[in-house]
Amino acid sequence: MQEEQPWILKFFDMPQSLINEEPDTSLQIICHLLFSNKEIAEQIFDITDMLIPATIDTIYMVFLSSFFAVVFGLPLGVILTITKKNSIMPFPMFNKILGAIVNTIRSFPFIILIVLLLPLSKMLIGVSFGPNAATLSLSIGAIPFVARLFESALEEVNKGIIEATLSLGASKFEIILMMIAESIPSLINVTTITIISIIGFSAMAGSIGGGGLGDLAIKLGFYDTRNDVLYSCVIILLIMVQITQSIGDYLSKILRTHNYGILRPIIHLIYRIIGRTQH
């Protein structure tokens, strides 16, 4: 049975540098198409072949960890806000206890927190290393951090608006939705900061077997003195941070100026879900 040829050969001829060889992947052929020098092409292929799966692992960890951090951090931030003294549901003793727990978890250096959570990762998902285990640690470490940032964002809501809404007979749940709606631009900024922090944390997780770009940079780039791999990992992480910050700034800007553009249907749907009328 004849093996299927790489898909890139359906569009391009085999590079001269690979005529006498049998390349296994389209990526190798692309590298030789882009670089005429065989040694440079092979070096680029070698680096790229390692960077692609490591980058995918990092994006996987960052996406899931950010998702869980926001999903659990926002309710926690709301509880910390509304249970304060003189808030809509004052419960000072509970607020102090919950705040102490949040502060305790936040006080752990992330590397130490990962080590402490290894038994929990083993118990819940069956492994104590790799992207899945790192995602659990990243999520637990980020939730208290996000909660405090969300708390600060919610406290910026004008107290006069809250009092006016209460005077109109709104329920406490409606007040909470109103507070979230009023602080959406700030919440976007908080989420952006969170994602960028998790990108950095994911690189740290690589130092103890968490996988991703951090793992590749430490094991191959640092220990094996492969500076090309090390610098490539750093560049990709920088690009990820810049893209995240740019998207966060853009979303925050359009929400503050109400110039939604092509995102108008999506923003309109979100505001309808949380019960806020657009201005």
# chains A, B, ... in the order shown; residues from 1 in each chain; ligands from 1

$ closest_atom_pairs --of "region 9-119 of chain A" --to "region 158-163 of chain A" --cutoff "12 Å" --atoms "only C-alpha atoms" --output "CSV"
residue,atom,partner,partner_atom,distance
A:Ile82,CA,A:Ile162,CA,11.5
A:Asn86,CA,A:Lys159,CA,10.7
A:Ser87,CA,A:Lys159,CA,9.5
A:Ile88,CA,A:Ile162,CA,8.8

$ closest_atom_pairs --of "region 37-121 of chain A" --to "region 198-218 of chain A" --cutoff "6 Å" --atoms "only C-alpha atoms" --output "Markdown table"
| residue | atom | partner | partner_atom | distance |
| --- | --- | --- | --- | --- |
| A:Ala54 | CA | A:Gly212 | CA | 4.2 |
| A:Thr55 | CA | A:Leu213 | CA | 5.9 |
| A:Asp57 | CA | A:Gly212 | CA | 4.8 |
| A:Thr58 | CA | A:Gly212 | CA | 4.6 |

$ write_last_selection --atoms "N, CA and C atoms" --output "mmCIF file, in the first residue's frame"
data_model
loop_
_atom_site.group_PDB
_atom_site.id
_atom_site.type_symbol
_atom_site.label_atom_id
_atom_site.label_comp_id
_atom_site.auth_asym_id
_atom_site.auth_seq_id
_atom_site.Cartn_x
_atom_site.Cartn_y
_atom_site.Cartn_z
ATOM 1 N N ALA A 54 4.458 22.514 21.662
ATOM 2 C CA ALA A 54 4.635 23.215 22.938
ATOM 3 C C ALA A 54 3.735 24.449 23.009
ATOM 4 N N THR A 55 3.600 25.153 21.889
ATOM 5 C CA THR A 55 2.725 26.327 21.848
ATOM 6 C C THR A 55 1.267 25.925 22.011
ATOM 7 N N ASP A 57 0.169 23.313 23.618
ATOM 8 C CA ASP A 57 -0.008 22.964 25.033
ATOM 9 C C ASP A 57 -0.167 24.206 25.894
ATOM 10 N N THR A 58 0.638 25.234 25.608
ATOM 11 C CA THR A 58 0.553 26.476 26.386
ATOM 12 C C THR A 58 -0.793 27.156 26.181
#

$ closest_residue --among "A:Leu138, A:Ile239, A:Leu230, A:Ile143" --to "Val71 (chain A)" --atoms "only C-alpha atoms"
A:Ile143

$ residues_around --residues "Phe145 (chain A)" --least-positions-apart "4" --cutoff "10 Å" --atoms "only C-alpha atoms" --output "ChimeraX atom specification"
/A:69,73,77,102-103,105-107,140-141,149-150,194,197

$ write_last_selection --atoms "all heavy atoms" --output "CSV table (one decimal), in the first residue's frame"
chain,number,residue,atom,x,y,z
A,69,ALA,N,-10.7,30.4,35.9
A,69,ALA,CA,-10.5,31.5,36.8
A,69,ALA,C,-11.5,32.5,36.8
A,69,ALA,O,-12.0,33.0,37.8
A,69,ALA,CB,-9.1,32.1,36.5
A,73,GLY,N,-13.9,32.9,39.7
A,73,GLY,CA,-13.4,34.1,40.3
A,73,GLY,C,-14.4,35.2,40.4
A,73,GLY,O,-14.5,36.0,41.3
A,77,GLY,N,-15.6,37.1,43.6
A,77,GLY,CA,-15.4,38.6,43.7
A,77,GLY,C,-16.7,39.3,44.1
A,77,GLY,O,-16.7,40.2,44.9
A,102,VAL,N,-8.9,33.6,50.9
A,102,VAL,CA,-8.4,34.1,49.6
A,102,VAL,C,-7.0,34.6,49.7
A,102,VAL,O,-6.1,34.3,48.9
A,102,VAL,CB,-9.3,35.2,49.0
A,102,VAL,CG1,-8.7,35.9,47.8
A,102,VAL,CG2,-10.7,34.6,48.6
A,103,ASN,N,-6.7,35.4,50.7
A,103,ASN,CA,-5.4,36.0,50.9
A,103,ASN,C,-4.3,34.9,51.2
A,103,ASN,O,-3.2,35.0,50.8
A,103,ASN,CB,-5.4,37.0,52.0
A,103,ASN,CG,-6.2,38.3,51.7
A,103,ASN,OD1,-6.3,38.6,50.5
A,103,ASN,ND2,-6.7,39.0,52.7
A,105,ILE,N,-4.3,31.7,50.1
A,105,ILE,CA,-4.0,31.1,48.8
A,105,ILE,C,-3.1,32.0,48.0
A,105,ILE,O,-2.2,31.5,47.3
A,105,ILE,CB,-5.3,30.6,48.1
A,105,ILE,CG1,-6.1,29.6,49.0
A,105,ILE,CG2,-4.9,30.0,46.8
A,105,ILE,CD1,-7.4,29.2,48.3
A,106,ARG,N,-3.5,33.3,47.9
A,106,ARG,CA,-2.7,34.2,47.1
A,106,ARG,C,-1.2,34.4,47.6
A,106,ARG,O,-0.4,34.7,46.9
A,106,ARG,CB,-3.4,35.6,47.1
A,106,ARG,CG,-4.6,35.6,46.3
A,106,ARG,CD,-5.2,37.0,46.4
A,106,ARG,NE,-4.2,38.0,45.8
A,106,ARG,CZ,-4.3,39.3,45.9
A,106,ARG,NH1,-5.2,39.8,46.7
A,106,ARG,NH2,-3.4,40.1,45.3
A,107,SER,N,-1.0,34.1,48.9
A,107,SER,CA,0.3,34.3,49.5
A,107,SER,C,1.3,33.3,49.1
A,107,SER,O,2.5,33.5,49.2
A,107,SER,CB,0.2,34.4,51.0
A,107,SER,OG,-0.2,33.1,51.5
A,140,ILE,N,-6.5,26.9,40.2
A,140,ILE,CA,-6.7,27.1,41.6
A,140,ILE,C,-5.8,28.3,42.1
A,140,ILE,O,-6.3,29.1,42.9
A,140,ILE,CB,-6.3,25.9,42.4
A,140,ILE,CG1,-7.3,24.7,42.1
A,140,ILE,CG2,-6.2,26.1,43.9
A,140,ILE,CD1,-6.9,23.4,42.7
A,141,GLY,N,-4.7,28.5,41.5
A,141,GLY,CA,-3.8,29.6,41.9
A,141,GLY,C,-4.3,30.9,41.4
A,141,GLY,O,-4.1,32.0,42.0
A,149,LEU,N,-9.3,41.1,42.0
A,149,LEU,CA,-9.3,42.1,41.0
A,149,LEU,C,-10.8,42.4,40.6
A,149,LEU,O,-11.1,43.6,40.4
A,149,LEU,CB,-8.5,41.6,39.7
A,149,LEU,CG,-7.0,41.4,39.9
A,149,LEU,CD1,-6.4,40.9,38.6
A,149,LEU,CD2,-6.4,42.8,40.2
A,150,PHE,N,-11.6,41.4,40.5
A,150,PHE,CA,-13.0,41.6,40.2
A,150,PHE,C,-13.7,42.4,41.3
A,150,PHE,O,-14.5,43.3,41.1
A,150,PHE,CB,-13.7,40.3,40.1
A,150,PHE,CG,-13.6,39.6,38.7
A,150,PHE,CD1,-13.7,38.3,38.5
A,150,PHE,CD2,-13.3,40.4,37.6
A,150,PHE,CE1,-13.5,37.7,37.3
A,150,PHE,CE2,-13.1,39.8,36.3
A,150,PHE,CZ,-13.2,38.5,36.2
A,194,THR,N,-5.4,38.9,34.0
A,194,THR,CA,-5.4,37.5,34.4
A,194,THR,C,-4.8,36.6,33.4
A,194,THR,O,-3.9,35.8,33.7
A,194,THR,CB,-6.8,37.1,34.7
A,194,THR,OG1,-7.4,37.9,35.7
A,194,THR,CG2,-6.9,35.6,35.2
A,197,SER,N,-1.1,37.1,33.2
A,197,SER,CA,-0.4,36.5,34.3
A,197,SER,C,-0.4,35.0,34.2
A,197,SER,O,0.6,34.3,34.5
A,197,SER,CB,-1.2,36.9,35.6
A,197,SER,OG,-1.2,38.3,35.8

$ closest_residue --among "A:Leu51, A:Pro144, A:Ile196, A:Glu156" --to "Thr104 (chain A)" --atoms "only C-alpha atoms"
A:Pro144

$ decode --residues "region 8-57 of chain A" --atoms "N, CA and C atoms" --output "CSV table (one decimal), in the first residue's frame"
chain,number,residue,atom,x,y,z
A,8,ILE,N,1.3,19.2,1.2
A,8,ILE,CA,1.9,20.4,0.6
A,8,ILE,C,2.4,20.1,-0.9
A,9,LEU,N,2.7,18.9,-1.2
A,9,LEU,CA,3.1,18.5,-2.5
A,9,LEU,C,2.0,18.6,-3.6
A,10,LYS,N,0.8,18.7,-3.1
A,10,LYS,CA,-0.3,18.9,-4.0
A,10,LYS,C,-0.3,20.3,-4.6
A,11,PHE,N,0.4,21.2,-4.0
A,11,PHE,CA,0.5,22.6,-4.4
A,11,PHE,C,1.9,23.1,-4.9
A,12,PHE,N,2.9,22.4,-4.4
A,12,PHE,CA,4.3,22.8,-4.7
A,12,PHE,C,5.1,21.5,-5.1
A,13,ASP,N,6.1,21.8,-5.9
A,13,ASP,CA,7.0,20.7,-6.2
A,13,ASP,C,8.0,20.4,-5.1
A,14,MET,N,8.5,19.3,-5.1
A,14,MET,CA,9.5,18.9,-4.0
A,14,MET,C,10.7,19.8,-4.2
A,15,PRO,N,11.2,20.5,-3.1
A,15,PRO,CA,12.4,21.3,-3.1
A,15,PRO,C,13.6,20.5,-3.5
A,16,GLN,N,14.5,21.2,-4.2
A,16,GLN,CA,15.7,20.5,-4.7
A,16,GLN,C,16.5,19.8,-3.6
A,17,SER,N,16.5,20.5,-2.4
A,17,SER,CA,17.3,20.0,-1.3
A,17,SER,C,16.8,18.7,-0.7
A,18,LEU,N,15.5,18.3,-1.1
A,18,LEU,CA,14.9,17.1,-0.6
A,18,LEU,C,14.6,16.1,-1.7
A,19,ILE,N,15.2,16.3,-2.8
A,19,ILE,CA,14.9,15.4,-4.0
A,19,ILE,C,15.3,13.9,-3.6
A,20,ASN,N,16.5,13.8,-3.0
A,20,ASN,CA,17.0,12.4,-2.7
A,20,ASN,C,16.6,11.9,-1.3
A,21,GLU,N,15.6,12.6,-0.7
A,21,GLU,CA,15.2,12.2,0.6
A,21,GLU,C,13.7,12.0,0.6
A,22,GLU,N,13.2,11.4,1.7
A,22,GLU,CA,11.7,11.2,1.8
A,22,GLU,C,11.2,11.9,3.0
A,23,PRO,N,10.8,13.2,2.9
A,23,PRO,CA,10.4,14.0,4.0
A,23,PRO,C,9.1,13.4,4.6
A,24,ASP,N,8.9,13.4,5.9
A,24,ASP,CA,7.8,12.8,6.5
A,24,ASP,C,6.6,13.8,6.7
A,25,THR,N,6.9,15.1,6.8
A,25,THR,CA,5.9,16.0,7.1
A,25,THR,C,5.9,17.2,6.1
A,26,SER,N,4.7,17.8,6.0
A,26,SER,CA,4.6,19.0,5.1
A,26,SER,C,5.4,20.2,5.7
A,27,LEU,N,5.5,20.2,7.0
A,27,LEU,CA,6.3,21.3,7.7
A,27,LEU,C,7.8,21.3,7.2
A,28,GLN,N,8.3,20.1,7.1
A,28,GLN,CA,9.7,20.0,6.7
A,28,GLN,C,9.9,20.5,5.2
A,29,ILE,N,8.9,20.2,4.4
A,29,ILE,CA,8.9,20.7,3.0
A,29,ILE,C,8.8,22.2,2.9
A,30,ILE,N,7.9,22.7,3.7
A,30,ILE,CA,7.7,24.2,3.8
A,30,ILE,C,8.9,24.9,4.2
A,31,CYS,N,9.6,24.4,5.2
A,31,CYS,CA,10.9,25.0,5.6
A,31,CYS,C,11.9,25.0,4.5
A,32,HIS,N,12.0,23.9,3.7
A,32,HIS,CA,13.0,23.9,2.6
A,32,HIS,C,12.5,24.8,1.4
A,33,LEU,N,11.2,25.0,1.3
A,33,LEU,CA,10.7,25.9,0.3
A,33,LEU,C,11.0,27.3,0.6
A,34,LEU,N,11.0,27.7,1.9
A,34,LEU,CA,11.3,29.0,2.3
A,34,LEU,C,12.7,29.4,2.4
A,35,PHE,N,13.6,28.3,2.7
A,35,PHE,CA,15.0,28.6,2.9
A,35,PHE,C,15.8,27.7,2.0
A,36,SER,N,16.5,28.3,1.1
A,36,SER,CA,17.3,27.5,0.1
A,36,SER,C,18.5,26.8,0.7
A,37,ASN,N,19.0,27.3,1.7
A,37,ASN,CA,20.1,26.7,2.4
A,37,ASN,C,19.6,25.5,3.2
A,38,LYS,N,20.1,24.3,2.9
A,38,LYS,CA,19.6,23.1,3.5
A,38,LYS,C,19.8,23.0,5.0
A,39,GLU,N,21.0,23.5,5.5
A,39,GLU,CA,21.3,23.5,6.9
A,39,GLU,C,20.4,24.4,7.7
A,40,ILE,N,20.2,25.6,7.2
A,40,ILE,CA,19.3,26.5,7.8
A,40,ILE,C,17.8,26.0,7.8
A,41,ALA,N,17.4,25.4,6.7
A,41,ALA,CA,16.0,24.9,6.6
A,41,ALA,C,15.8,23.8,7.6
A,42,GLU,N,16.8,22.9,7.8
A,42,GLU,CA,16.7,21.8,8.7
A,42,GLU,C,16.7,22.3,10.2
A,43,GLN,N,17.5,23.4,10.4
A,43,GLN,CA,17.5,23.9,11.8
A,43,GLN,C,16.1,24.6,12.1
A,44,ILE,N,15.6,25.3,11.1
A,44,ILE,CA,14.3,25.9,11.3
A,44,ILE,C,13.2,24.9,11.5
A,45,PHE,N,13.3,23.8,10.7
A,45,PHE,CA,12.3,22.7,10.9
A,45,PHE,C,12.4,22.1,12.2
A,46,ASP,N,13.6,21.8,12.7
A,46,ASP,CA,13.9,21.2,14.0
A,46,ASP,C,13.2,22.0,15.1
A,47,ILE,N,13.5,23.4,15.1
A,47,ILE,CA,12.9,24.2,16.1
A,47,ILE,C,11.4,24.3,16.0
A,48,THR,N,10.9,24.5,14.8
A,48,THR,CA,9.5,24.7,14.6
A,48,THR,C,8.7,23.4,15.0
A,49,ASP,N,9.3,22.3,14.7
A,49,ASP,CA,8.7,21.0,15.0
A,49,ASP,C,8.5,20.8,16.5
A,50,MET,N,9.4,21.4,17.3
A,50,MET,CA,9.2,21.3,18.7
A,50,MET,C,8.3,22.5,19.3
A,51,LEU,N,8.4,23.6,18.6
A,51,LEU,CA,7.6,24.8,19.1
A,51,LEU,C,6.1,24.6,18.9
A,52,ILE,N,5.7,24.0,17.8
A,52,ILE,CA,4.3,23.9,17.5
A,52,ILE,C,3.5,23.2,18.6
A,53,PRO,N,3.9,21.9,19.0
A,53,PRO,CA,3.1,21.2,20.0
A,53,PRO,C,3.3,21.9,21.4
A,54,ALA,N,4.5,22.5,21.7
A,54,ALA,CA,4.6,23.2,22.9
A,54,ALA,C,3.7,24.4,23.0
A,55,THR,N,3.6,25.2,21.9
A,55,THR,CA,2.7,26.3,21.8
A,55,THR,C,1.3,25.9,22.0
A,56,ILE,N,0.9,24.8,21.4
A,56,ILE,CA,-0.5,24.3,21.5
A,56,ILE,C,-0.8,24.0,23.0
A,57,ASP,N,0.2,23.3,23.6
A,57,ASP,CA,0.0,23.0,25.0
A,57,ASP,C,-0.2,24.2,25.9
